[in-house]
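Have a look at entry.tsv below; it lists TSV, C-alpha atoms and all ligand atoms.
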```tsv
chain	number	residue	atom	x	y	z
A	2	MET	CA	-18.31	14.67	9.99
A	3	THR	CA	-17.28	13.87	13.57
A	4	ASN	CA	-18.84	15.50	16.64
A	5	HIS	CA	-15.53	17.14	17.26
A	6	GLU	CA	-15.58	18.75	13.83
A	7	SER	CA	-19.19	19.86	14.11
A	8	ASN	CA	-18.35	21.56	17.42
A	9	VAL	CA	-15.72	23.53	15.61
A	10	VAL	CA	-17.98	24.50	12.73
A	11	GLY	CA	-21.02	25.56	14.82
A	12	PRO	CA	-19.76	28.76	16.45
A	13	ASP	CA	-18.09	29.92	13.22
A	14	VAL	CA	-21.32	29.64	11.32
A	15	MET	CA	-23.12	31.62	14.02
A	16	LEU	CA	-20.46	34.34	13.89
A	17	ILE	CA	-20.69	34.59	10.11
A	18	ALA	CA	-24.47	35.04	10.43
A	19	LEU	CA	-23.84	37.70	13.06
A	20	ALA	CA	-21.40	39.46	10.74
A	21	ALA	CA	-24.03	39.53	8.01
A	22	SER	CA	-26.63	41.00	10.35
A	23	ILE	CA	-24.33	43.87	11.41
A	24	SER	CA	-23.05	44.71	7.96
A	25	ASN	CA	-24.78	48.11	7.99
A	26	THR	CA	-23.27	49.18	11.27
A	27	PRO	CA	-20.46	51.73	10.83
A	28	LEU	CA	-17.10	51.47	12.70
A	29	ILE	CA	-16.82	47.73	12.35
A	30	PRO	CA	-15.52	45.83	9.35
A	31	ASN	CA	-18.09	44.95	6.75
A	32	ALA	CA	-19.70	41.53	6.72
A	33	ALA	CA	-17.75	40.32	3.70
A	34	VAL	CA	-14.40	41.02	5.38
A	35	LEU	CA	-15.54	39.60	8.71
A	36	GLY	CA	-17.02	36.58	6.97
A	37	GLU	CA	-13.73	36.06	5.14
A	38	LEU	CA	-11.79	36.24	8.41
A	39	LEU	CA	-14.12	33.77	10.08
A	40	LEU	CA	-14.00	31.40	7.14
A	41	HIS	CA	-10.22	31.54	7.34
A	42	HIS	CA	-10.51	30.76	11.05
A	43	HIS	CA	-12.84	27.85	10.27
A	44	HIS	CA	-10.49	26.47	7.59
A	45	HIS	CA	-7.63	26.80	10.00
A	46	HIS	CA	-9.54	24.70	12.59
A	47	HIS	CA	-10.52	22.21	9.94
A	48	ASP	CA	-6.90	21.95	8.74
A	49	THR	CA	-5.65	21.56	12.30
A	50	SER	CA	-7.97	18.66	12.95
A	51	LYS	CA	-7.04	17.07	9.60
A	52	ILE	CA	-3.33	17.47	10.40
A	53	ASN	CA	-3.81	16.08	13.91
A	54	ASN	CA	-5.63	13.06	12.49
A	55	LEU	CA	-2.77	12.56	10.06
A	56	ILE	CA	-0.14	12.71	12.82
A	57	ASP	CA	-2.16	10.23	14.94
A	58	SER	CA	-2.33	7.89	11.99
A	59	MET	CA	1.43	8.27	11.32
A	60	ARG	CA	2.06	7.25	14.93
A	61	ALA	CA	-0.44	4.39	14.89
A	62	SER	CA	1.06	2.89	11.76
A	63	SER	CA	4.41	2.37	13.36
A	64	PRO	CA	4.54	-1.30	14.41
A	65	THR	CA	8.11	-1.09	15.69
A	66	ARG	CA	6.92	1.53	18.17
A	67	THR	CA	4.24	-0.83	19.50
A	68	ARG	CA	6.75	-3.62	19.75
A	69	SER	CA	9.50	-1.63	21.36
A	70	SER	CA	7.21	0.08	23.84
A	71	SER	CA	5.78	-3.25	24.95
A	72	LEU	CA	9.26	-4.69	25.28
A	73	ALA	CA	10.53	-1.65	27.15
A	74	ASN	CA	7.67	-2.09	29.55
A	75	ASN	CA	9.20	-5.36	30.69
A	76	ASN	CA	6.00	-6.23	32.44
A	77	ASN	CA	5.03	-9.90	32.50
A	78	ASN	CA	1.31	-9.21	32.35
A	79	ASN	CA	1.76	-6.99	29.36
A	80	ALA	CA	3.99	-9.54	27.67
A	81	SER	CA	1.44	-12.30	28.16
A	82	ASP	CA	-1.44	-10.02	27.05
A	83	ASN	CA	0.60	-9.28	23.98
A	84	GLN	CA	1.18	-12.96	23.32
A	85	ASP	CA	-2.57	-13.64	23.78
A	86	THR	CA	-3.37	-10.98	21.19
A	87	ILE	CA	-0.88	-12.49	18.76
A	88	ASN	CA	-2.21	-16.01	19.39
A	89	SER	CA	-5.84	-15.10	18.80
A	90	TRP	CA	-4.91	-13.13	15.69
A	91	MET	CA	-2.94	-16.13	14.40
A	92	LEU	CA	-6.01	-18.29	14.95
A	93	TYR	CA	-7.86	-16.26	12.30
A	94	HIS	CA	-4.84	-15.66	10.10
A	95	PRO	CA	-2.64	-18.75	10.47
A	96	SER	CA	0.83	-19.04	9.04
A	97	ALA	CA	0.70	-20.01	5.35
A	98	LEU	CA	3.58	-22.39	6.00
A	99	ASN	CA	1.65	-24.30	8.70
A	100	MET	CA	-1.43	-24.48	6.49
A	101	PHE	CA	0.38	-25.69	3.44
A	102	ASP	CA	-1.58	-28.98	3.20
A	103	GLN	CA	-4.87	-27.14	3.13
A	104	ILE	CA	-3.63	-24.59	0.62
A	105	VAL	CA	-2.39	-27.35	-1.68
A	106	TYR	CA	-5.74	-29.12	-1.33
A	107	ASN	CA	-7.61	-25.96	-2.37
A	108	MET	CA	-5.27	-25.37	-5.33
A	109	LYS	CA	-5.95	-28.84	-6.70
A	110	GLY	CA	-6.51	-28.78	-10.47
A	111	LYS	CA	-6.44	-24.98	-10.65
A	112	LYS	CA	-4.22	-22.55	-12.55
A	113	ILE	CA	-2.02	-20.63	-10.18
A	114	VAL	CA	-1.28	-16.94	-10.75
A	115	THR	CA	1.06	-15.18	-8.31
A	116	PHE	CA	0.90	-11.51	-7.35
A	117	LEU	CA	3.67	-10.06	-5.22
A	118	ASP	CA	4.12	-6.74	-3.56
A	119	TYR	CA	7.74	-5.52	-3.59
A	120	ASP	CA	8.84	-3.56	-0.48
A	121	GLY	CA	8.55	-5.58	2.69
A	122	THR	CA	7.54	-8.68	0.71
A	123	LEU	CA	10.34	-9.40	-1.75
A	124	SER	CA	12.85	-7.05	-0.17
A	125	PRO	CA	13.36	-6.21	3.49
A	126	ILE	CA	12.40	-2.71	4.64
A	127	VAL	CA	15.48	-0.45	4.72
A	128	ALA	CA	16.00	3.20	5.59
A	129	ASP	CA	16.90	4.33	2.06
A	130	PRO	CA	14.16	3.54	-0.49
A	131	ASP	CA	16.76	3.69	-3.28
A	132	LYS	CA	18.61	0.78	-1.72
A	133	ALA	CA	15.77	-1.71	-1.22
A	134	PHE	CA	17.53	-4.42	-3.19
A	135	MET	CA	16.31	-7.95	-3.62
A	136	THR	CA	18.68	-10.84	-2.88
A	137	LYS	CA	20.03	-12.97	-5.74
A	138	LYS	CA	18.36	-15.94	-4.12
A	139	MET	CA	14.99	-14.22	-4.24
A	140	ARG	CA	15.50	-13.29	-7.90
A	141	GLY	CA	16.33	-16.92	-8.69
A	142	THR	CA	13.21	-18.17	-6.94
A	143	LEU	CA	11.07	-15.56	-8.69
A	144	LYS	CA	12.49	-16.64	-12.02
A	145	ASP	CA	11.57	-20.26	-11.26
A	146	ILE	CA	8.08	-19.30	-10.18
A	147	ALA	CA	7.54	-17.21	-13.32
A	148	ARG	CA	8.61	-20.18	-15.44
A	149	HIS	CA	5.65	-22.14	-14.10
A	150	PHE	CA	2.99	-19.54	-13.31
A	151	PRO	CA	2.10	-16.09	-14.58
A	152	THR	CA	3.66	-13.75	-12.01
A	153	ALA	CA	3.08	-10.06	-11.37
A	154	ILE	CA	4.80	-7.50	-9.16
A	155	VAL	CA	2.17	-5.12	-7.74
A	156	THR	CA	3.77	-2.13	-6.07
A	157	GLY	CA	3.44	1.49	-5.01
A	158	ARG	CA	6.76	2.16	-6.69
A	159	CYS	CA	7.37	3.61	-10.12
A	160	ARG	CA	7.28	0.67	-12.58
A	161	ASP	CA	10.74	1.43	-14.03
A	162	LYS	CA	12.26	1.67	-10.56
A	163	VAL	CA	10.89	-1.66	-9.41
A	164	TYR	CA	12.04	-3.21	-12.69
A	165	SER	CA	15.56	-1.95	-11.97
A	166	PHE	CA	15.43	-3.92	-8.69
A	167	VAL	CA	13.78	-7.11	-9.98
A	168	LYS	CA	15.29	-7.23	-13.51
A	169	LEU	CA	13.08	-10.04	-14.78
A	170	ALA	CA	11.50	-9.36	-18.18
A	171	GLU	CA	9.16	-12.35	-17.98
A	172	LEU	CA	7.05	-10.82	-15.20
A	173	TYR	CA	4.02	-8.52	-15.31
A	174	TYR	CA	4.62	-5.21	-13.52
A	175	ALA	CA	1.92	-3.06	-11.94
A	176	GLY	CA	3.62	0.10	-10.65
A	177	SER	CA	2.19	3.25	-9.00
A	178	HIS	CA	-0.26	1.22	-6.86
A	179	GLY	CA	-1.50	-0.60	-9.95
A	180	MET	CA	-1.97	2.56	-12.07
A	181	ASP	CA	0.81	1.56	-14.47
A	182	ILE	CA	0.49	-2.02	-15.71
A	183	LYS	CA	2.70	-3.60	-18.32
A	184	GLY	CA	2.90	-7.15	-19.61
A	185	PRO	CA	6.12	-9.17	-19.85
A	186	THR	CA	8.65	-8.06	-22.44
A	187	LYS	CA	10.01	-11.59	-22.66
A	188	SER	CA	7.90	-14.69	-23.13
A	189	ARG	CA	7.58	-16.92	-20.05
A	190	ASN	CA	7.29	-19.91	-22.28
A	191	PRO	CA	8.96	-19.89	-25.73
A	192	ASN	CA	6.16	-22.06	-27.14
A	193	LYS	CA	3.40	-19.69	-26.07
A	194	GLY	CA	2.69	-16.11	-27.12
A	195	ASN	CA	3.11	-13.38	-24.55
A	196	ASP	CA	1.40	-10.26	-23.38
A	197	LYS	CA	3.97	-7.82	-24.78
A	198	ALA	CA	1.31	-5.36	-25.92
A	199	LEU	CA	-0.41	-5.17	-22.53
A	200	LEU	CA	-0.37	-1.64	-21.12
A	201	CYS	CA	-2.87	-0.03	-18.76
A	202	GLN	CA	-2.44	3.50	-17.37
A	203	PRO	CA	-5.79	4.68	-16.01
A	204	ALA	CA	-4.33	7.81	-14.36
A	205	SER	CA	-2.31	9.14	-17.32
A	206	LYS	CA	-4.09	12.51	-17.34
A	207	PHE	CA	-2.75	13.15	-13.82
A	208	LEU	CA	0.86	13.00	-14.93
A	209	PRO	CA	1.42	16.82	-15.21
A	210	MET	CA	-0.30	17.40	-11.85
A	211	ILE	CA	1.82	14.76	-10.13
A	212	GLU	CA	4.98	16.31	-11.63
A	213	GLU	CA	3.91	19.75	-10.38
A	214	VAL	CA	3.11	18.53	-6.84
A	215	TYR	CA	6.38	16.60	-6.75
A	216	LYS	CA	8.34	19.81	-7.33
A	217	ILE	CA	6.31	21.73	-4.75
A	218	LEU	CA	6.72	19.00	-2.14
A	219	LEU	CA	10.47	18.79	-2.74
A	220	GLU	CA	10.68	22.49	-1.95
A	221	LYS	CA	8.27	22.50	1.01
A	222	THR	CA	9.78	19.51	2.77
A	223	LYS	CA	13.38	20.73	2.46
A	224	CYS	CA	13.14	22.21	5.95
A	225	VAL	CA	12.28	18.83	7.54
A	226	PRO	CA	15.51	16.90	8.15
A	227	GLY	CA	15.33	13.29	6.92
A	228	ALA	CA	12.17	13.75	4.82
A	229	LYS	CA	12.36	12.31	1.33
A	230	VAL	CA	9.97	12.79	-1.56
A	231	GLU	CA	9.90	9.97	-4.11
A	232	ASN	CA	8.37	10.37	-7.56
A	233	ASN	CA	6.53	7.16	-8.40
A	234	LYS	CA	5.23	8.53	-11.74
A	235	PHE	CA	1.43	8.37	-11.15
A	236	CYS	CA	1.77	8.87	-7.39
A	237	LEU	CA	4.21	10.30	-4.88
A	238	SER	CA	5.69	9.12	-1.60
A	239	VAL	CA	6.77	11.36	1.25
A	240	HIS	CA	8.96	9.23	3.50
A	241	PHE	CA	9.24	9.92	7.22
A	242	ARG	CA	11.22	6.83	8.32
A	243	CYS	CA	14.33	9.00	8.84
A	244	VAL	CA	12.47	11.99	10.28
A	245	ASP	CA	12.65	12.61	14.03
A	246	GLU	CA	9.20	12.01	15.53
A	247	LYS	CA	9.26	15.58	16.86
A	248	CYS	CA	9.17	16.82	13.25
A	249	TRP	CA	6.34	14.57	12.03
A	250	ALA	CA	3.76	17.28	12.76
A	251	ALA	CA	5.69	19.85	10.70
A	252	LEU	CA	5.96	17.41	7.82
A	253	ALA	CA	2.28	16.41	8.00
A	254	GLU	CA	1.31	20.07	7.98
A	255	GLN	CA	3.43	20.85	4.91
A	256	VAL	CA	1.97	17.91	3.00
A	257	ARG	CA	-1.62	18.68	4.07
A	258	LEU	CA	-1.30	22.33	3.08
A	259	VAL	CA	0.02	21.47	-0.37
A	260	LEU	CA	-2.74	18.91	-0.90
A	261	ASN	CA	-5.43	21.41	0.09
A	262	GLU	CA	-4.68	23.08	-3.24
A	263	TYR	CA	-5.16	19.80	-5.13
A	264	PRO	CA	-8.58	18.31	-4.33
A	265	LYS	CA	-8.15	15.76	-7.13
A	266	LEU	CA	-5.33	14.10	-5.20
A	267	LYS	CA	-5.74	12.03	-2.05
A	268	LEU	CA	-3.48	11.06	0.79
A	269	THR	CA	-3.07	7.48	1.99
A	270	GLN	CA	-0.48	5.93	4.24
A	271	GLY	CA	1.97	3.08	4.07
A	272	ARG	CA	4.89	2.03	6.26
A	273	LYS	CA	6.40	5.31	7.47
A	274	VAL	CA	5.35	6.91	4.22
A	275	LEU	CA	2.61	9.32	3.14
A	276	GLU	CA	1.33	8.39	-0.29
A	277	ILE	CA	-0.26	10.92	-2.62
A	278	ARG	CA	-2.34	9.66	-5.49
A	279	PRO	CA	-5.15	10.61	-7.87
A	280	THR	CA	-8.69	10.22	-6.53
A	281	ILE	CA	-9.60	7.77	-9.31
A	282	LYS	CA	-11.20	4.47	-8.35
A	283	TRP	CA	-8.16	2.38	-9.05
A	284	ASP	CA	-5.97	0.46	-6.62
A	285	LYS	CA	-4.00	-2.77	-6.27
A	286	GLY	CA	-7.29	-4.72	-6.16
A	287	LYS	CA	-8.38	-3.27	-9.50
A	288	ALA	CA	-4.94	-4.08	-10.93
A	289	LEU	CA	-5.29	-7.69	-9.79
A	290	GLN	CA	-8.72	-7.93	-11.43
A	291	PHE	CA	-7.41	-6.34	-14.64
A	292	LEU	CA	-4.51	-8.79	-14.81
A	293	LEU	CA	-6.73	-11.81	-14.18
A	294	GLU	CA	-9.03	-10.61	-17.00
A	295	SER	CA	-6.06	-10.10	-19.34
A	296	LEU	CA	-4.95	-13.64	-18.61
A	297	GLY	CA	-8.42	-14.88	-19.60
A	298	TYR	CA	-9.63	-15.67	-16.08
A	299	GLU	CA	-12.43	-13.14	-15.84
A	300	ASN	CA	-15.19	-15.64	-15.13
A	301	SER	CA	-13.10	-18.68	-14.52
A	302	ASN	CA	-13.49	-21.02	-11.56
A	303	ASP	CA	-10.32	-22.62	-12.64
A	304	VAL	CA	-7.90	-20.06	-11.34
A	305	PHE	CA	-6.11	-19.84	-7.99
A	306	PRO	CA	-4.58	-16.36	-7.49
A	307	ILE	CA	-2.06	-16.02	-4.68
A	308	TYR	CA	-1.38	-12.48	-3.50
A	309	ILE	CA	1.42	-11.79	-1.01
A	310	GLY	CA	1.83	-8.30	0.48
A	311	ASP	CA	2.68	-6.46	3.66
A	312	ASP	CA	1.07	-3.05	3.35
A	313	ARG	CA	-2.30	-1.36	3.84
A	314	THR	CA	-2.54	-0.82	0.09
A	315	ASP	CA	-2.41	-4.61	-0.38
A	316	GLU	CA	-5.70	-4.90	1.52
A	317	ASP	CA	-7.58	-3.81	-1.64
A	318	ALA	CA	-6.22	-6.87	-3.40
A	319	PHE	CA	-6.94	-9.19	-0.44
A	320	LYS	CA	-10.52	-7.89	-0.47
A	321	VAL	CA	-10.93	-8.67	-4.17
A	322	LEU	CA	-9.81	-12.26	-3.58
A	323	ARG	CA	-12.19	-12.63	-0.64
A	324	ASN	CA	-15.09	-11.30	-2.73
A	325	ARG	CA	-14.24	-13.56	-5.65
A	326	GLY	CA	-13.97	-16.48	-3.22
A	327	GLN	CA	-10.84	-17.49	-5.09
A	328	GLY	CA	-7.24	-18.06	-4.17
A	329	ILE	CA	-5.59	-16.70	-1.08
A	330	GLY	CA	-4.22	-13.48	0.33
A	331	ILE	CA	-1.10	-13.74	2.47
A	332	LEU	CA	-0.08	-10.86	4.72
A	333	VAL	CA	3.59	-10.50	5.64
A	334	SER	CA	3.62	-9.19	9.20
A	335	ARG	CA	5.05	-9.97	12.61
A	336	VAL	CA	2.44	-7.93	14.45
A	337	PRO	CA	-1.35	-8.36	14.50
A	338	LYS	CA	-3.03	-6.07	11.94
A	339	ASP	CA	-6.56	-5.68	10.66
A	340	THR	CA	-6.48	-7.63	7.44
A	341	GLU	CA	-8.60	-9.30	4.77
A	342	ALA	CA	-5.78	-11.77	4.11
A	343	SER	CA	-6.46	-15.39	5.04
A	344	TYR	CA	-2.92	-16.33	5.94
A	345	THR	CA	0.25	-14.72	7.21
A	346	LEU	CA	3.99	-14.97	6.88
A	347	LYS	CA	6.35	-13.51	9.46
A	348	ASP	CA	9.36	-12.83	7.39
A	349	PRO	CA	9.48	-10.92	4.13
A	350	VAL	CA	12.30	-12.65	2.36
A	351	GLU	CA	13.00	-16.09	3.75
A	352	ALA	CA	9.44	-17.19	4.45
A	353	SER	CA	8.18	-16.07	1.08
A	354	SER	CA	11.00	-17.85	-0.62
A	355	LYS	CA	10.01	-20.97	1.33
A	356	ILE	CA	6.44	-20.74	0.14
A	357	PHE	CA	7.69	-20.28	-3.40
A	358	LEU	CA	9.74	-23.43	-3.10
A	359	LEU	CA	6.71	-25.29	-1.85
A	360	LEU	CA	4.75	-23.97	-4.82
A	361	LEU	CA	7.41	-25.27	-7.15
A	362	LEU	CA	7.29	-28.62	-5.41
A	363	PHE	CA	3.51	-28.61	-5.82
A	364	ASN	CA	3.89	-27.89	-9.53
A	365	PHE	CA	6.43	-30.69	-9.88
A	366	ILE	CA	4.10	-33.18	-8.16
A	367	ARG	CA	1.18	-32.01	-10.32
A	368	LYS	CA	3.21	-32.55	-13.47
A	369	TYR	CA	4.63	-35.93	-12.67
A	370	PHE	CA	1.92	-37.45	-10.47
A	371	LEU	CA	-1.13	-35.98	-12.17
A	372	VAL	CA	-3.23	-38.98	-11.10
A	373	LEU	CA	-2.96	-37.96	-7.46
A	374	PHE	CA	-4.47	-34.55	-8.15
A	375	ILE	CA	-7.20	-34.94	-10.76
B	401	LIG	O1	3.58	-1.35	-2.60
B	401	LIG	P1	4.98	-1.47	-2.11
B	401	LIG	O2	5.89	-2.17	-3.07
B	401	LIG	O3	5.06	-2.06	-0.72
B	401	LIG	O4	5.47	0.06	-2.02
B	401	LIG	C1	5.09	0.89	-0.94
B	401	LIG	C2	6.18	1.90	-0.69
B	401	LIG	O5	7.38	1.13	-0.67
B	401	LIG	C3	8.60	1.85	-0.55
B	401	LIG	O6	8.69	2.38	0.77
B	401	LIG	C4	8.81	1.38	1.78
B	401	LIG	O7	10.05	0.69	1.61
B	401	LIG	C5	11.24	1.52	1.78
B	401	LIG	C6	12.45	0.66	1.50
B	401	LIG	O8	12.49	-0.47	2.30
B	401	LIG	C7	11.24	2.12	3.19
B	401	LIG	O9	12.36	2.96	3.37
B	401	LIG	C8	9.94	2.92	3.43
B	401	LIG	O10	9.87	3.38	4.76
B	401	LIG	C9	8.72	2.03	3.15
B	401	LIG	O11	7.52	2.78	3.23
B	401	LIG	C10	8.70	2.91	-1.61
B	401	LIG	O12	9.89	3.65	-1.42
B	401	LIG	C11	7.47	3.81	-1.61
B	401	LIG	O13	7.56	4.72	-2.67
B	401	LIG	C12	6.23	2.93	-1.80
B	401	LIG	O14	5.09	3.77	-1.73
```
Do you think you could lay out the structure here as structure tokens?
Amino acid sequence: MTNHESNVVGPDVMLIALAASISNTPLIPNAAVLGELLLHHHHHHHDTSKINNLIDSMRASSPTRTRSSSLANNNNNNASDNQDTINSWMLYHPSALNMFDQIVYNMKGKKIVTFLDYDGTLSPIVADPDKAFMTKKMRGTLKDIARHFPTAIVTGRCRDKVYSFVKLAELYYAGSHGMDIKGPTKSRNPNKGNDKALLCQPASKFLPMIEEVYKILLEKTKCVPGAKVENNKFCLSVHFRCVDEKCWAALAEQVRLVLNEYPKLKLTQGRKVLEIRPTIKWDKGKALQFLLESLGYENSNDVFPIYIGDDRTDEDAFKVLRNRGQGIGILVSRVPKDTEASYTLKDPVEASSKIFLLLLLFNFIRKYFLVLFI
């Protein structure tokens, strides 16, 4: 609890005690009623501080705001401070493209497995979540990659929805922030078996609750122009990209109030989106671990997982790779962010397709010039 919160709680507690001590006095409400009123007052304060924290976090997680405000400033000092910050961040998280030699060196002799987030990584961020299409070029590159390495899409989206964008049956899909994992429905390699039977849904008992909250949120957010609630099956997204900043507080309040009634659900945040999910200990990192185990790499030193993502939720996966001391995490971002990823890429689509091409080249060299690598 923060000092701020404890300041709020203190006086309320004292007043409740006072109410109890005067309960026998006529002409004033009894202690139970007074206590109830004060508790309501306390909850209201508590809610207000929770909502304020949420609004602050919605503002802070808006990189375009940071960029545009620093540009609007048009102040040379600020611009050079900004550049210094970017440079020192890049020192710790260099571009994956510039570090390609080192990455290839570390991959030497290992089995590559690729994990890719969808929005902001394979497709550019757009205003309408239903129109976040992937380019044909990206689909072609993904297809090539999947031919050579096991490849998984790990996303906050509903698994079926992301499949309708990617349309490649030879991939693994981990939807709902990894809470809905399914193996390929088409073999990557006709000579090998596949993981058709693979299915993992650790949050299935939350399905009715998520459905219920989805309906409530649809209703409650109607009054906020531009707000959009997306049903991602085992989790929900409340989008505020198209909501005027003046209405963010109203939206945050609606969402917070609904969630107060559902303590088994938690609220996290992505890019201009509030994400509601079950409080189970499962995330994109757990999904990555599960998939590596399913592929037989549980205790293997032979594997080199590559995870590319742009969002806060991808940090759980970057952390797993760091802890395993295996493979690499690549963050797609143009602005400095706190990250566990080792490398960065600036551009969602083009840069990632470049790194894929380099991977393919690496695979080609490994196949035909094996001597150089082993
Ligand atoms: O894990 P991800 O694949 O990155 O999914 C996270 C959220 O992605 C989608 O929202 C984001 O992309 C939208 C389309 O570009 C954009 O309009 C929105 O502002 C972004 O937050 C998806 O719609 C959400 O459900 C996911 O939670």
Residues within 8 Å of ligand LIG 401 (chain B), counting only C-alpha atoms and all ligand atoms: report them as a PDB file with C-alpha atoms, in the frame of the given file.
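Saved the output as pocket-v5.pdb:
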```pdb
ATOM      1  CA  ASP A 118       4.120  -6.740  -3.560  1.00  0.00           C
ATOM      2  CA  TYR A 119       7.740  -5.520  -3.590  1.00  0.00           C
ATOM      3  CA  ASP A 120       8.840  -3.560  -0.480  1.00  0.00           C
ATOM      4  CA  GLY A 121       8.550  -5.580   2.690  1.00  0.00           C
ATOM      5  CA  THR A 122       7.540  -8.680   0.710  1.00  0.00           C
ATOM      6  CA  SER A 124      12.850  -7.050  -0.170  1.00  0.00           C
ATOM      7  CA  PRO A 125      13.360  -6.210   3.490  1.00  0.00           C
ATOM      8  CA  ILE A 126      12.400  -2.710   4.640  1.00  0.00           C
ATOM      9  CA  VAL A 127      15.480  -0.450   4.720  1.00  0.00           C
ATOM     10  CA  ALA A 128      16.000   3.200   5.590  1.00  0.00           C
ATOM     11  CA  ASP A 129      16.900   4.330   2.060  1.00  0.00           C
ATOM     12  CA  PRO A 130      14.160   3.540  -0.490  1.00  0.00           C
ATOM     13  CA  ASP A 131      16.760   3.690  -3.280  1.00  0.00           C
ATOM     14  CA  LYS A 132      18.610   0.780  -1.720  1.00  0.00           C
ATOM     15  CA  ALA A 133      15.770  -1.710  -1.220  1.00  0.00           C
ATOM     16  CA  VAL A 155       2.170  -5.120  -7.740  1.00  0.00           C
ATOM     17  CA  THR A 156       3.770  -2.130  -6.070  1.00  0.00           C
ATOM     18  CA  GLY A 157       3.440   1.490  -5.010  1.00  0.00           C
ATOM     19  CA  ARG A 158       6.760   2.160  -6.690  1.00  0.00           C
ATOM     20  CA  CYS A 159       7.370   3.610 -10.120  1.00  0.00           C
ATOM     21  CA  SER A 177       2.190   3.250  -9.000  1.00  0.00           C
ATOM     22  CA  HIS A 178      -0.260   1.220  -6.860  1.00  0.00           C
ATOM     23  CA  GLU A 231       9.900   9.970  -4.110  1.00  0.00           C
ATOM     24  CA  ASN A 232       8.370  10.370  -7.560  1.00  0.00           C
ATOM     25  CA  ASN A 233       6.530   7.160  -8.400  1.00  0.00           C
ATOM     26  CA  LEU A 237       4.210  10.300  -4.880  1.00  0.00           C
ATOM     27  CA  SER A 238       5.690   9.120  -1.600  1.00  0.00           C
ATOM     28  CA  VAL A 239       6.770  11.360   1.250  1.00  0.00           C
ATOM     29  CA  HIS A 240       8.960   9.230   3.500  1.00  0.00           C
ATOM     30  CA  PHE A 241       9.240   9.920   7.220  1.00  0.00           C
ATOM     31  CA  ARG A 242      11.220   6.830   8.320  1.00  0.00           C
ATOM     32  CA  GLY A 271       1.970   3.080   4.070  1.00  0.00           C
ATOM     33  CA  ARG A 272       4.890   2.030   6.260  1.00  0.00           C
ATOM     34  CA  LYS A 273       6.400   5.310   7.470  1.00  0.00           C
ATOM     35  CA  VAL A 274       5.350   6.910   4.220  1.00  0.00           C
ATOM     36  CA  LEU A 275       2.610   9.320   3.140  1.00  0.00           C
ATOM     37  CA  GLU A 276       1.330   8.390  -0.290  1.00  0.00           C
ATOM     38  CA  GLY A 310       1.830  -8.300   0.480  1.00  0.00           C
ATOM     39  CA  ASP A 311       2.680  -6.460   3.660  1.00  0.00           C
ATOM     40  CA  ASP A 312       1.070  -3.050   3.350  1.00  0.00           C
ATOM     41  CA  THR A 314      -2.540  -0.820   0.090  1.00  0.00           C
ATOM     42  CA  ASP A 315      -2.410  -4.610  -0.380  1.00  0.00           C
TER      43      ASP A 315
END
```
State, in Å with one decimal place, the distance from atom CA of A:Pro226 to atom CA of A:Val259.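 Straight-line distance from atom CA of A:Pro226 to atom CA of A:Val259 works out to 18.3 Å.
Of the listed residues (A:His94, A:Lys111, A:Lys221, A:Lys287), A:Lys287 comes nearest to A:Asp181; the distances count all atoms listed in the file.
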With all atoms listed in the file as the basis for distance, which of A:Asp348, A:Asp145, A:Asp303, A:Glu220 is at the shortest distance from A:Gly326?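 Ranked by minimum distance to A:Gly326, first place goes to A:Asp303.
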A:Asn302 proximity check over A:Ala250, A:Ala97, A:Cys243, A:Met108, using all atoms listed in the file: winner is A:Met108
So how far away is atom CA of A:Ala228 from atom CA of A:Val244, in Å?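 According to the coordinates, atom CA of A:Val244 and atom CA of A:Ala228 are separated by 5.7 Å.
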Nearest to A:Lys144: which of A:Leu172, A:Leu123, A:Val256, A:Leu218 is it, counting only C-alpha atoms?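 Among the listed residues, A:Leu172 lies closest to A:Lys144.
Atom pair atom CA of A:Arg335 / atom CA of A:Asn54: separated by 25.4 Å.
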